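See below for structure_22.csv, which holds CSV, C-alpha atoms.
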```csv
chain,number,residue,atom,x,y,z
A,1,MET,CA,129.2,82.6,118.7
A,2,SER,CA,126.4,80.2,117.8
A,3,THR,CA,123.3,80.1,120.1
A,4,ALA,CA,124.0,76.5,120.8
A,5,LEU,CA,127.6,77.1,122.2
A,6,LEU,CA,126.9,80.2,124.2
A,7,PRO,CA,125.3,78.5,127.2
A,8,ASP,CA,128.3,76.2,127.6
A,9,LEU,CA,130.7,79.1,127.5
A,10,LEU,CA,128.7,81.0,130.1
A,11,ARG,CA,128.4,78.0,132.4
A,12,ALA,CA,132.1,77.2,132.1
A,13,THR,CA,133.2,80.7,132.7
A,14,ARG,CA,131.0,81.3,135.7
A,15,ALA,CA,132.1,78.0,137.2
A,16,HIS,CA,135.8,78.7,136.7
A,17,SER,CA,135.6,81.9,138.7
A,18,LEU,CA,134.2,80.0,141.7
A,19,ALA,CA,136.8,77.3,141.3
A,20,LEU,CA,139.6,80.0,141.4
A,21,VAL,CA,138.3,81.3,144.8
A,22,ALA,CA,137.8,77.8,146.2
A,23,PRO,CA,141.3,77.7,147.8
A,24,LEU,CA,140.8,81.1,149.5
A,25,SER,CA,139.5,81.8,152.9
A,26,ASP,CA,136.9,84.6,153.5
A,27,GLU,CA,139.8,86.7,154.8
A,28,ASP,CA,141.9,86.0,151.7
A,29,ALA,CA,139.0,87.0,149.4
A,30,GLN,CA,138.8,90.4,151.2
A,31,LEU,CA,142.4,91.4,150.7
A,32,GLN,CA,143.4,94.5,148.6
A,33,SER,CA,147.1,94.9,148.8
A,34,MET,CA,147.5,98.0,146.6
A,35,PRO,CA,145.2,100.5,144.7
A,36,ASP,CA,145.9,98.7,141.4
A,37,ALA,CA,144.6,95.4,142.8
A,38,SER,CA,141.1,94.3,143.8
A,39,PRO,CA,139.8,91.7,146.3
A,40,ALA,CA,138.9,88.3,144.9
A,41,LYS,CA,135.4,88.9,146.3
A,42,TRP,CA,135.1,92.1,144.4
A,43,HIS,CA,136.1,90.4,141.1
A,44,LEU,CA,133.3,87.8,141.7
A,45,ALA,CA,130.8,90.6,142.3
A,46,HIS,CA,131.9,93.0,139.6
A,47,THR,CA,131.7,90.3,136.8
A,48,THR,CA,128.2,89.5,138.1
A,49,TRP,CA,127.3,93.2,138.1
A,50,PHE,CA,128.3,93.4,134.4
A,51,PHE,CA,125.8,90.7,133.4
A,52,GLU,CA,123.1,92.2,135.6
A,53,THR,CA,123.6,95.7,134.4
A,54,MET,CA,124.5,95.2,130.7
A,55,VAL,CA,122.3,92.2,129.9
A,56,LEU,CA,119.5,91.4,132.4
A,57,VAL,CA,118.2,94.9,133.2
A,58,PRO,CA,117.7,95.9,129.6
A,59,TYR,CA,116.8,92.5,128.1
A,60,LEU,CA,115.0,90.3,130.7
A,61,ARG,CA,111.4,91.6,131.2
A,62,GLY,CA,110.5,91.6,134.9
A,63,TYR,CA,114.1,91.1,136.2
A,64,THR,CA,114.6,92.3,139.8
A,65,VAL,CA,118.0,93.7,140.7
A,66,PHE,CA,119.5,91.6,143.5
A,67,ASP,CA,120.2,94.6,145.7
A,68,GLU,CA,119.7,98.2,144.5
A,69,ARG,CA,122.5,99.4,146.7
A,70,TRP,CA,125.2,97.2,145.1
A,71,PRO,CA,125.7,98.8,141.7
A,72,ARG,CA,127.6,101.6,143.4
A,73,LEU,CA,129.9,99.1,145.0
A,74,PHE,CA,130.7,96.9,142.0
A,75,ASN,CA,130.8,99.3,139.1
A,76,SER,CA,134.4,99.6,138.0
A,77,TYR,CA,134.9,102.6,135.8
A,78,TYR,CA,131.7,103.1,133.8
A,79,GLU,CA,131.1,106.8,134.2
A,80,SER,CA,127.8,106.5,132.1
A,81,LEU,CA,126.4,104.0,134.6
A,82,GLY,CA,126.5,106.1,137.7
A,83,PRO,CA,128.6,106.7,140.8
A,84,ARG,CA,131.2,104.1,142.0
A,85,HIS,CA,133.0,103.2,145.2
A,86,ALA,CA,136.6,104.4,145.0
A,87,ARG,CA,138.9,101.8,143.5
A,88,PRO,CA,141.6,102.1,146.2
A,89,GLN,CA,139.0,101.4,148.9
A,90,ARG,CA,137.5,98.2,147.6
A,91,GLY,CA,139.3,96.3,150.4
A,92,LEU,CA,137.1,98.1,152.9
A,93,LEU,CA,133.9,96.4,151.6
A,94,SER,CA,133.7,93.8,154.3
A,95,ARG,CA,130.0,93.8,153.6
A,96,PRO,CA,128.4,92.2,151.6
A,97,SER,CA,130.0,88.9,152.7
A,98,LEU,CA,131.6,86.4,150.4
A,99,ALA,CA,128.5,84.2,150.9
A,100,GLU,CA,126.2,87.0,149.9
A,101,VAL,CA,128.3,87.7,146.8
A,102,LYS,CA,128.0,84.0,145.8
A,103,ALA,CA,124.2,84.2,146.4
A,104,TYR,CA,124.3,87.3,144.0
A,105,ARG,CA,126.0,85.2,141.4
A,106,ALA,CA,123.5,82.4,141.7
A,107,HIS,CA,120.6,84.9,141.4
A,108,VAL,CA,122.1,86.4,138.2
A,109,ASP,CA,123.1,83.0,136.8
A,110,ALA,CA,119.5,81.8,137.1
A,111,ALA,CA,118.2,84.9,135.4
A,112,LEU,CA,120.7,84.5,132.5
A,113,ALA,CA,119.5,80.9,132.1
A,114,ASP,CA,115.9,82.2,131.8
A,115,LEU,CA,117.0,84.8,129.2
A,116,LEU,CA,119.2,82.6,127.0
A,117,PRO,CA,116.6,80.6,125.1
A,118,HIS,CA,114.9,83.7,123.8
A,119,ALA,CA,117.7,86.3,124.0
A,120,PRO,CA,117.9,88.7,121.0
A,121,ALA,CA,121.1,88.9,119.1
A,122,GLU,CA,122.3,92.1,120.9
A,123,ALA,CA,121.9,90.3,124.3
A,124,ARG,CA,123.8,87.2,123.1
A,125,SER,CA,126.7,89.4,121.9
A,126,LEU,CA,126.8,91.1,125.3
A,127,ILE,CA,126.7,87.7,127.1
A,128,GLU,CA,129.7,86.6,125.0
A,129,LEU,CA,131.5,89.9,125.8
A,130,GLY,CA,130.6,89.4,129.5
A,131,CYS,CA,132.2,85.9,129.4
A,132,HIS,CA,135.5,87.2,127.9
A,133,HIS,CA,135.4,90.1,130.4
A,134,GLU,CA,135.0,87.7,133.2
A,135,GLN,CA,138.0,85.6,131.9
A,136,GLN,CA,140.1,88.8,132.1
A,137,HIS,CA,139.1,89.2,135.7
A,138,GLN,CA,139.9,85.5,136.4
A,139,GLU,CA,143.5,86.4,135.4
A,140,LEU,CA,143.4,89.6,137.5
A,141,LEU,CA,142.1,87.6,140.5
A,142,LEU,CA,145.2,85.4,140.4
A,143,THR,CA,147.7,88.3,139.9
A,144,ASP,CA,146.0,90.3,142.6
A,145,MET,CA,146.1,87.3,145.1
A,146,LEU,CA,149.8,86.7,144.2
A,147,HIS,CA,150.6,90.4,145.1
A,148,ALA,CA,148.5,90.1,148.3
A,149,PHE,CA,150.3,87.0,149.4
A,150,SER,CA,153.7,88.5,148.5
A,151,CYS,CA,152.9,91.1,151.2
A,152,ASN,CA,152.5,88.4,153.9
A,153,PRO,CA,155.8,87.5,155.6
A,154,LEU,CA,154.7,83.9,155.6
A,155,LEU,CA,154.6,84.0,151.7
A,156,PRO,CA,151.7,81.5,151.6
A,157,ALA,CA,151.1,79.5,148.4
A,158,TYR,CA,147.9,79.9,146.5
A,159,ASP,CA,148.4,76.4,145.1
A,160,ALA,CA,150.5,74.1,147.3
A,161,ALA,CA,151.0,71.5,144.5
A,162,PRO,CA,154.7,71.2,143.4
A,163,GLN,CA,155.6,73.5,140.5
A,164,ALA,CA,156.6,71.8,137.3
A,165,LYS,CA,160.1,72.4,136.1
A,166,ALA,CA,160.3,74.5,132.9
A,167,SER,CA,162.1,73.7,129.7
A,168,ALA,CA,163.4,76.3,127.3
A,169,PRO,CA,164.3,75.6,123.6
A,170,GLU,CA,167.7,76.6,122.5
A,171,GLN,CA,167.6,80.3,121.5
A,172,ALA,CA,167.4,81.0,117.8
A,173,TRP,CA,166.8,84.1,115.8
A,174,LEU,CA,163.9,83.9,113.4
A,175,LYS,CA,164.1,86.1,110.3
A,176,HIS,CA,161.1,88.0,109.0
A,177,PRO,CA,161.5,89.7,105.6
A,178,GLY,CA,159.4,92.7,106.5
A,179,GLY,CA,157.0,94.3,104.2
A,180,ILE,CA,153.3,95.2,104.4
A,181,VAL,CA,151.6,92.9,106.9
A,182,ASP,CA,148.0,92.4,108.0
A,183,ILE,CA,147.4,93.4,111.6
A,184,GLY,CA,144.4,92.9,113.9
A,185,HIS,CA,141.6,90.5,114.3
A,186,GLY,CA,140.2,88.8,111.2
A,187,GLY,CA,137.5,86.2,110.9
A,188,ASP,CA,134.2,85.4,112.7
A,189,GLY,CA,135.4,84.6,116.2
A,190,PHE,CA,135.2,86.8,119.2
A,191,ALA,CA,137.6,89.8,119.6
A,192,PHE,CA,137.6,92.9,121.7
A,193,ASP,CA,137.1,96.2,119.9
A,194,ASN,CA,140.7,97.3,120.4
A,195,GLU,CA,141.9,94.4,118.2
A,196,GLY,CA,140.4,96.0,115.1
A,197,PRO,CA,139.8,97.2,112.6
A,198,ARG,CA,142.1,94.8,110.7
A,199,HIS,CA,144.5,96.9,108.7
A,200,GLN,CA,147.9,96.9,107.1
A,201,ALA,CA,151.2,98.0,108.6
A,202,LEU,CA,154.7,98.4,107.2
A,203,VAL,CA,157.5,96.6,109.0
A,204,THR,CA,161.1,96.6,108.0
A,205,PRO,CA,163.1,93.3,108.0
A,206,PHE,CA,163.9,92.1,111.5
A,207,GLU,CA,164.8,89.1,113.6
A,208,ILE,CA,163.0,87.9,116.7
A,209,SER,CA,163.9,85.3,119.3
A,210,ASN,CA,162.1,82.0,119.1
A,211,ARG,CA,161.5,82.0,122.9
A,212,LEU,CA,161.1,84.2,125.9
A,213,VAL,CA,164.0,85.5,128.1
A,214,THR,CA,164.7,83.1,130.9
A,215,CYS,CA,165.3,83.6,134.6
A,216,GLY,CA,168.8,82.3,134.2
A,217,GLU,CA,169.5,85.0,131.5
A,218,TYR,CA,168.0,87.7,133.7
A,219,ALA,CA,170.1,86.6,136.6
A,220,ASP,CA,173.2,87.2,134.5
A,221,PHE,CA,171.9,90.7,133.9
A,222,ILE,CA,171.6,91.3,137.6
A,223,ALA,CA,175.0,89.8,138.3
A,224,ALA,CA,176.5,92.1,135.6
A,225,GLY,CA,175.2,95.2,137.5
A,226,GLY,CA,172.2,95.8,135.3
A,227,TYR,CA,170.3,97.6,138.1
A,228,ARG,CA,173.3,99.9,138.8
A,229,GLU,CA,174.1,101.0,135.2
A,230,PRO,CA,172.0,104.1,134.3
A,231,LEU,CA,173.1,104.0,130.6
A,232,LEU,CA,170.9,100.9,130.1
A,233,TRP,CA,167.7,102.5,131.3
A,234,LEU,CA,165.1,104.8,129.9
A,235,SER,CA,165.0,108.1,131.9
A,236,ASP,CA,161.7,107.3,133.6
A,237,GLY,CA,162.8,103.8,134.2
A,238,TRP,CA,166.1,104.8,135.9
A,239,ALA,CA,164.1,107.3,138.1
A,240,THR,CA,161.7,104.5,139.1
A,241,VAL,CA,164.6,102.2,139.9
A,242,GLN,CA,166.1,104.8,142.2
A,243,ALA,CA,162.8,105.8,143.8
A,244,GLN,CA,161.6,102.3,144.4
A,245,GLY,CA,164.9,100.7,145.2
A,246,TRP,CA,164.5,97.9,142.6
A,247,GLN,CA,167.3,95.4,142.6
A,248,ARG,CA,165.6,92.3,141.1
A,249,PRO,CA,162.2,91.3,139.6
A,250,ALA,CA,159.2,91.8,141.9
A,251,CYS,CA,158.9,88.3,143.3
A,252,TRP,CA,162.5,87.3,143.5
A,253,GLN,CA,163.8,86.9,147.0
A,254,GLU,CA,167.1,88.0,148.4
A,255,ASP,CA,168.2,84.4,148.8
A,256,GLY,CA,167.8,83.7,145.1
A,257,SER,CA,164.4,81.9,145.4
A,258,VAL,CA,161.3,83.0,143.6
A,259,PHE,CA,157.8,83.5,145.0
A,260,GLY,CA,154.8,82.5,142.8
A,261,LEU,CA,151.4,80.9,143.0
A,262,HIS,CA,153.1,77.7,144.2
A,263,GLY,CA,154.8,79.6,147.0
A,264,VAL,CA,158.6,80.0,147.4
A,265,GLN,CA,160.5,77.9,144.9
A,266,PRO,CA,164.1,77.6,143.9
A,267,LEU,CA,164.9,79.8,140.9
A,268,ASP,CA,164.3,77.8,137.7
A,269,ALA,CA,166.9,79.0,135.2
A,270,ASN,CA,164.8,77.7,132.3
A,271,ALA,CA,161.6,79.3,133.3
A,272,PRO,CA,160.5,82.6,131.6
A,273,VAL,CA,161.4,85.6,133.8
A,274,MET,CA,158.2,87.3,135.0
A,275,GLN,CA,156.9,90.1,137.1
A,276,LEU,CA,159.0,92.6,135.1
A,277,SER,CA,158.1,96.2,134.2
A,278,PHE,CA,158.5,97.5,130.7
A,279,TYR,CA,161.4,99.6,132.0
A,280,GLU,CA,163.2,96.4,133.2
A,281,ALA,CA,162.5,94.7,129.9
A,282,CYS,CA,163.9,97.6,127.9
A,283,ALA,CA,167.0,97.7,130.1
A,284,PHE,CA,167.7,94.0,129.7
A,285,ALA,CA,167.2,94.2,126.0
A,286,GLU,CA,169.7,97.1,125.8
A,287,TRP,CA,172.2,95.1,127.9
A,288,ALA,CA,171.7,92.1,125.6
A,289,GLY,CA,172.4,94.1,122.5
A,290,ALA,CA,168.8,93.8,121.3
A,291,ARG,CA,165.4,95.5,121.7
A,292,LEU,CA,161.8,94.7,122.3
A,293,PRO,CA,159.6,93.9,119.2
A,294,THR,CA,156.8,96.3,118.2
A,295,GLU,CA,153.4,94.8,118.6
A,296,PHE,CA,153.2,94.7,114.8
A,297,GLU,CA,156.5,92.7,114.5
A,298,TRP,CA,155.3,90.3,117.2
A,299,GLU,CA,152.0,89.6,115.5
A,300,ALA,CA,153.6,89.3,112.1
A,301,ALA,CA,156.2,86.8,113.5
A,302,CYS,CA,154.0,84.7,115.7
A,303,GLY,CA,153.2,82.4,112.8
A,304,LEU,CA,156.8,81.8,111.8
A,305,PRO,CA,158.0,78.2,112.2
A,306,GLY,CA,159.8,77.8,115.5
A,307,PHE,CA,158.1,80.7,117.2
A,308,ALA,CA,157.5,79.2,120.7
A,309,GLN,CA,155.7,80.4,123.8
A,310,ALA,CA,153.3,82.6,121.9
A,311,ALA,CA,150.4,82.0,124.4
A,312,ASP,CA,151.5,79.1,126.5
A,313,GLN,CA,149.3,79.0,129.5
A,314,ALA,CA,151.5,76.3,131.1
A,315,CYS,CA,154.5,78.5,131.8
A,316,GLY,CA,154.1,81.6,129.6
A,317,VAL,CA,154.1,85.3,130.4
A,318,TRP,CA,152.7,88.4,128.7
A,319,GLN,CA,155.4,89.9,126.5
A,320,TRP,CA,156.1,93.6,126.6
A,321,THR,CA,156.4,95.3,123.2
A,322,ARG,CA,157.9,98.6,122.2
A,323,SER,CA,154.4,99.9,121.1
A,324,SER,CA,152.3,102.4,123.0
A,325,TYR,CA,148.7,101.4,123.4
A,326,ALA,CA,146.9,103.5,120.7
A,327,PRO,CA,143.9,103.0,118.5
A,328,TYR,CA,144.2,101.3,115.2
A,329,PRO,CA,143.3,103.3,112.1
A,330,GLY,CA,139.5,103.7,111.9
A,331,PHE,CA,138.9,102.5,115.5
A,332,LYS,CA,135.7,103.7,117.0
A,333,PRO,CA,134.5,102.7,120.5
A,334,ALA,CA,131.3,100.7,120.6
A,335,ALA,CA,128.1,102.6,121.2
A,336,GLY,CA,126.7,102.9,124.8
A,337,ALA,CA,128.4,102.0,128.1
A,338,VAL,CA,130.5,99.1,126.7
A,339,GLY,CA,132.3,101.8,124.6
A,340,GLU,CA,134.1,102.7,127.8
A,341,TYR,CA,135.7,99.3,127.9
A,342,ASN,CA,139.0,99.9,126.1
A,343,GLY,CA,139.2,103.1,124.1
A,344,LYS,CA,139.4,105.4,127.1
A,345,PHE,CA,142.6,103.8,128.3
A,346,MET,CA,144.6,104.4,125.1
A,347,VAL,CA,147.1,106.8,126.7
A,348,GLY,CA,150.2,106.2,128.9
A,349,GLN,CA,150.2,102.4,128.5
A,350,GLN,CA,152.4,99.8,126.7
A,351,VAL,CA,151.1,96.9,124.7
A,352,LEU,CA,151.8,93.3,125.8
A,353,ARG,CA,151.2,90.3,123.5
A,354,GLY,CA,150.8,86.6,124.0
A,355,GLY,CA,149.3,85.2,127.2
A,356,SER,CA,150.4,83.9,130.6
A,357,LEU,CA,150.1,81.0,133.0
A,358,ALA,CA,147.1,82.8,134.5
A,359,THR,CA,145.3,83.3,131.2
A,360,PRO,CA,142.2,81.1,130.9
A,361,ALA,CA,142.6,78.5,128.2
A,362,GLY,CA,141.3,79.7,124.9
A,363,HIS,CA,141.1,83.3,125.9
A,364,ALA,CA,144.2,84.7,124.1
A,365,ARG,CA,144.8,84.9,120.3
A,366,PRO,CA,147.5,86.4,118.1
A,367,SER,CA,145.6,89.7,117.7
A,368,TYR,CA,145.0,90.1,121.5
A,369,ARG,CA,146.3,93.4,122.9
A,370,ASN,CA,146.9,93.5,126.6
A,371,PHE,CA,148.1,96.8,128.1
A,372,PHE,CA,149.6,98.2,131.3
A,373,PRO,CA,151.5,101.2,132.5
A,374,PRO,CA,155.3,100.9,132.0
A,375,ALA,CA,156.1,100.6,135.7
A,376,ALA,CA,153.6,97.8,136.3
A,377,ARG,CA,155.3,94.6,137.4
A,378,TRP,CA,152.7,92.8,139.5
A,379,GLN,CA,151.5,91.0,136.3
A,380,PHE,CA,152.9,87.8,134.8
A,381,SER,CA,154.8,89.9,132.4
A,382,GLY,CA,158.1,89.1,130.7
A,383,MET,CA,159.8,89.6,127.3
A,384,ARG,CA,161.0,88.3,124.0
A,385,LEU,CA,163.9,90.0,122.2
A,386,ALA,CA,164.1,91.3,118.7
A,387,ARG,CA,166.8,93.0,116.6
```
In structure tokens, how does this file's structure come out?
Amino acid sequence: MSTALLPDLLRATRAHSLALVAPLSDEDAQLQSMPDASPAKWHLAHTTWFFETMVLVPYLRGYTVFDERWPRLFNSYYESLGPRHARPQRGLLSRPSLAEVKAYRAHVDAALADLLPHAPAEARSLIELGCHHEQQHQELLLTDMLHAFSCNPLLPAYDAAPQAKASAPEQAWLKHPGGIVDIGHGGDGFAFDNEGPRHQALVTPFEISNRLVTCGEYADFIAAGGYREPLLWLSDGWATVQAQGWQRPACWQEDGSVFGLHGVQPLDANAPVMQLSFYEACAFAEWAGARLPTEFEWEAACGLPGFAQAADQACGVWQWTRSSYAPYPGFKPAAGAVGEYNGKFMVGQQVLRGGSLATPAGHARPSYRNFFPPAARWQFSGMRLAR
């Protein structure tokens, strides 16, 4: 990114995080509803720790760490950077307060403003990475708050504004001739290291749906007994359904309504189904006589005429693929602590493509690789069919 544009990206990113927590009370910002989630306050502090630790300490002469005790609290998983507070216990960090975390952000932002005019190229690259890292946490902040609010019997809304009705194009099957296709990030714009190196992959001829699976279509799967038919499910998926008692997507209510960021709403049959696990997506695809696309098919097809909802932040969802999260040929983690960012998680995860209603505008791109364990369904995750 050019030196002229980087300050604007940094300011906008940092401001957006604060805007996301504006509707929250101090108590809301403290909630951690499960080990996989984090409090909103922790997200604000961790993204600030990233800039302080990765950028300011090594590159701003004379920088004073805001509080020498805090790195242990707000380091996430960087083994090379010292000890960490246990992830499942982040909700116990009632101190520092939300006000103190905001003061921490202001301290770091001021120091970044001092550094930017004379930052070396390495520091500018890390600041750009830090902005995209913070955008990921902005999405996580919303998904974590949705899960926390779903645990409250009052089912409070994060955003009380009415939810817009969705529209879905008529389903059509888009044909791809197959062949050798280019996969991965190409060009000069930002990309995470797991999006490269750009390489070639062979795909056989296939068809892919022009749109996402809707709530109405998934309701038909439920009505047809989809959660009671073991032959539709992968073995691990069926075991999970039995152990967890799944009967519907995570945020669907017994009365047929759906809980989301706007609170409890009537089921919108045209809206993309979301809060689905990989297991549920595979079972639905089997029931529908189709399958999930591989991530290579998805990327090859996303440029086809008529391919809708590729990364539609207005109503989209991340789309499960049939691909395990693995390194591309020639992948090497970056040197230093940032090398722990993606590569170490390349096991036991499935790739999702696209973007969701919680993804910050401009964050996703066709080569973007999101990833979660197959049983995860607290994300804005849905599916597109292939055959």
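Across the model, the gap from atom CA of A:Val351 to atom CA of A:Arg14 is 27.7 Å.
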One residue among A:Ala300, A:Thr294, A:Leu9, A:Leu56 is nearest to A:Gly179 when using all atoms listed in the file, and that residue is A:Ala300
Surrounding residues of A:Trp318 excluding itself and chain neighbours under 6 positions, 6 Å, only C-alpha atoms, as a list in words =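 These residues fall inside the cut-off: Leu352, Arg353, Gly354, Gly355, Ser356, Ser381 and Gly382 of chain A.
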With C-alpha atoms kept, could you save the residues just selected as a JSON list (two decimals), in the frame of the given file?
```
[["chain", "number", "residue", "atom", "x", "y", "z"],
["A", 352, "LEU", "CA", 151.80, 93.30, 125.80],
["A", 353, "ARG", "CA", 151.20, 90.30, 123.50],
["A", 354, "GLY", "CA", 150.80, 86.60, 124.00],
["A", 355, "GLY", "CA", 149.30, 85.20, 127.20],
["A", 356, "SER", "CA", 150.40, 83.90, 130.60],
["A", 381, "SER", "CA", 154.80, 89.90, 132.40],
["A", 382, "GLY", "CA", 158.10, 89.10, 130.70]]
```
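For A:Pro117, the set of protein, DNA and RNA residues having any atom at most 12 Å away, when counting only C-alpha atoms and skipping those fewer than 2 positions along the same chain, is A:Thr3, A:Ala4, A:Leu5, A:Leu6, A:Pro7, A:Leu60, A:Ala111, A:Leu112, A:Ala113, A:Asp114, A:Leu115, A:Ala119, A:Pro120, A:Ala121, A:Ala123, A:Arg124.
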Can I get the selected residues back with C-alpha atoms, as a CSV table (one decimal), keeping the file's coordinate frame?
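And here is the file that came out, again-v9.csv:
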```csv
chain,number,residue,atom,x,y,z
A,3,THR,CA,123.3,80.1,120.1
A,4,ALA,CA,124.0,76.5,120.8
A,5,LEU,CA,127.6,77.1,122.2
A,6,LEU,CA,126.9,80.2,124.2
A,7,PRO,CA,125.3,78.5,127.2
A,60,LEU,CA,115.0,90.3,130.7
A,111,ALA,CA,118.2,84.9,135.4
A,112,LEU,CA,120.7,84.5,132.5
A,113,ALA,CA,119.5,80.9,132.1
A,114,ASP,CA,115.9,82.2,131.8
A,115,LEU,CA,117.0,84.8,129.2
A,119,ALA,CA,117.7,86.3,124.0
A,120,PRO,CA,117.9,88.7,121.0
A,121,ALA,CA,121.1,88.9,119.1
A,123,ALA,CA,121.9,90.3,124.3
A,124,ARG,CA,123.8,87.2,123.1
```
Stretch 37-52 of chain A: which residues within 8 Å, counting all atoms listed in the file, same-chain residues fewer than 2 positions away excluded, as an MDAnalysis selection string?
-> chainID A and resid 17:18 21 28:35 54:57 65 71 74:76 87 90:91 98 101:102 104:105 108 127 130 133:134 137:138 140:141 144:145
Atom CA of A:Gln247 to atom CA of A:Pro293, straight-line distance in Å |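 Atom-to-atom, atom CA of A:Pro293 to atom CA of A:Gln247, that is 24.7 Å.
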Just the residues within 12 Å of A:Asn342, please, counting all atoms listed in the file, with nothing from its chain fewer than 4 positions along; format it as a list in words.
->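 Non-adjacent residues within range: Tyr77, Tyr78, His133, Phe192, Asp193, Asn194, Glu195, Gly196, Tyr325, Ala326, Pro327, Phe331, Lys332, Pro333, Ala334, Ala337, Val338, Met346, Val347, Gln349, Arg369, Asn370, Phe371 and Phe372 of chain A.
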Between A:Ser367, A:Ser235, A:Gln135, A:Thr214, which has the minimum distance to A:Ala12 (counting all atoms listed in the file)?
->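 For A:Ala12, the nearest of the given residues is A:Gln135.
Distances from A:Pro374, A:Pro272, A:Gly289, A:Gly362 to A:Ser324 were compared using all atoms listed in the file, and the smallest one belongs to A:Pro374.
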For stretch 355-370 of chain A, supply N, CA and C atoms and format the output as a CSV table (one decimal), in the frame of the given file.
```csv
chain,number,residue,atom,x,y,z
A,355,GLY,N,150.2,85.7,126.2
A,355,GLY,CA,149.3,85.2,127.2
A,355,GLY,C,150.2,84.7,128.3
A,356,SER,N,149.6,84.3,129.5
A,356,SER,CA,150.4,83.9,130.6
A,356,SER,C,149.8,82.6,131.2
A,357,LEU,N,150.6,82.2,132.2
A,357,LEU,CA,150.1,81.0,133.0
A,357,LEU,C,148.8,81.2,133.7
A,358,ALA,N,148.4,82.5,133.9
A,358,ALA,CA,147.1,82.8,134.5
A,358,ALA,C,146.0,83.0,133.5
A,359,THR,N,146.3,83.1,132.2
A,359,THR,CA,145.3,83.3,131.2
A,359,THR,C,144.4,82.1,131.1
A,360,PRO,N,143.1,82.3,131.1
A,360,PRO,CA,142.2,81.1,130.9
A,360,PRO,C,142.5,80.5,129.5
A,361,ALA,N,142.4,79.2,129.5
A,361,ALA,CA,142.6,78.5,128.2
A,361,ALA,C,141.6,79.0,127.2
A,362,GLY,N,142.1,79.3,126.0
A,362,GLY,CA,141.3,79.7,124.9
A,362,GLY,C,141.0,81.2,124.8
A,363,HIS,N,141.5,81.9,125.8
A,363,HIS,CA,141.1,83.3,125.9
A,363,HIS,C,142.0,84.2,125.0
A,364,ALA,N,143.3,83.9,124.9
A,364,ALA,CA,144.2,84.7,124.1
A,364,ALA,C,144.2,84.3,122.6
A,365,ARG,N,144.7,85.1,121.8
A,365,ARG,CA,144.8,84.9,120.3
A,365,ARG,C,145.9,85.8,119.8
A,366,PRO,N,146.4,85.6,118.6
A,366,PRO,CA,147.5,86.4,118.1
A,366,PRO,C,147.2,87.9,118.0
A,367,SER,N,146.0,88.3,117.8
A,367,SER,CA,145.6,89.7,117.7
A,367,SER,C,145.3,90.4,119.1
A,368,TYR,N,145.4,89.6,120.2
A,368,TYR,CA,145.0,90.1,121.5
A,368,TYR,C,146.0,91.2,122.0
A,369,ARG,N,145.4,92.3,122.5
A,369,ARG,CA,146.3,93.4,122.9
A,369,ARG,C,146.0,93.6,124.4
A,370,ASN,N,147.0,93.2,125.2
A,370,ASN,CA,146.9,93.5,126.6
A,370,ASN,C,147.7,94.8,126.8
```
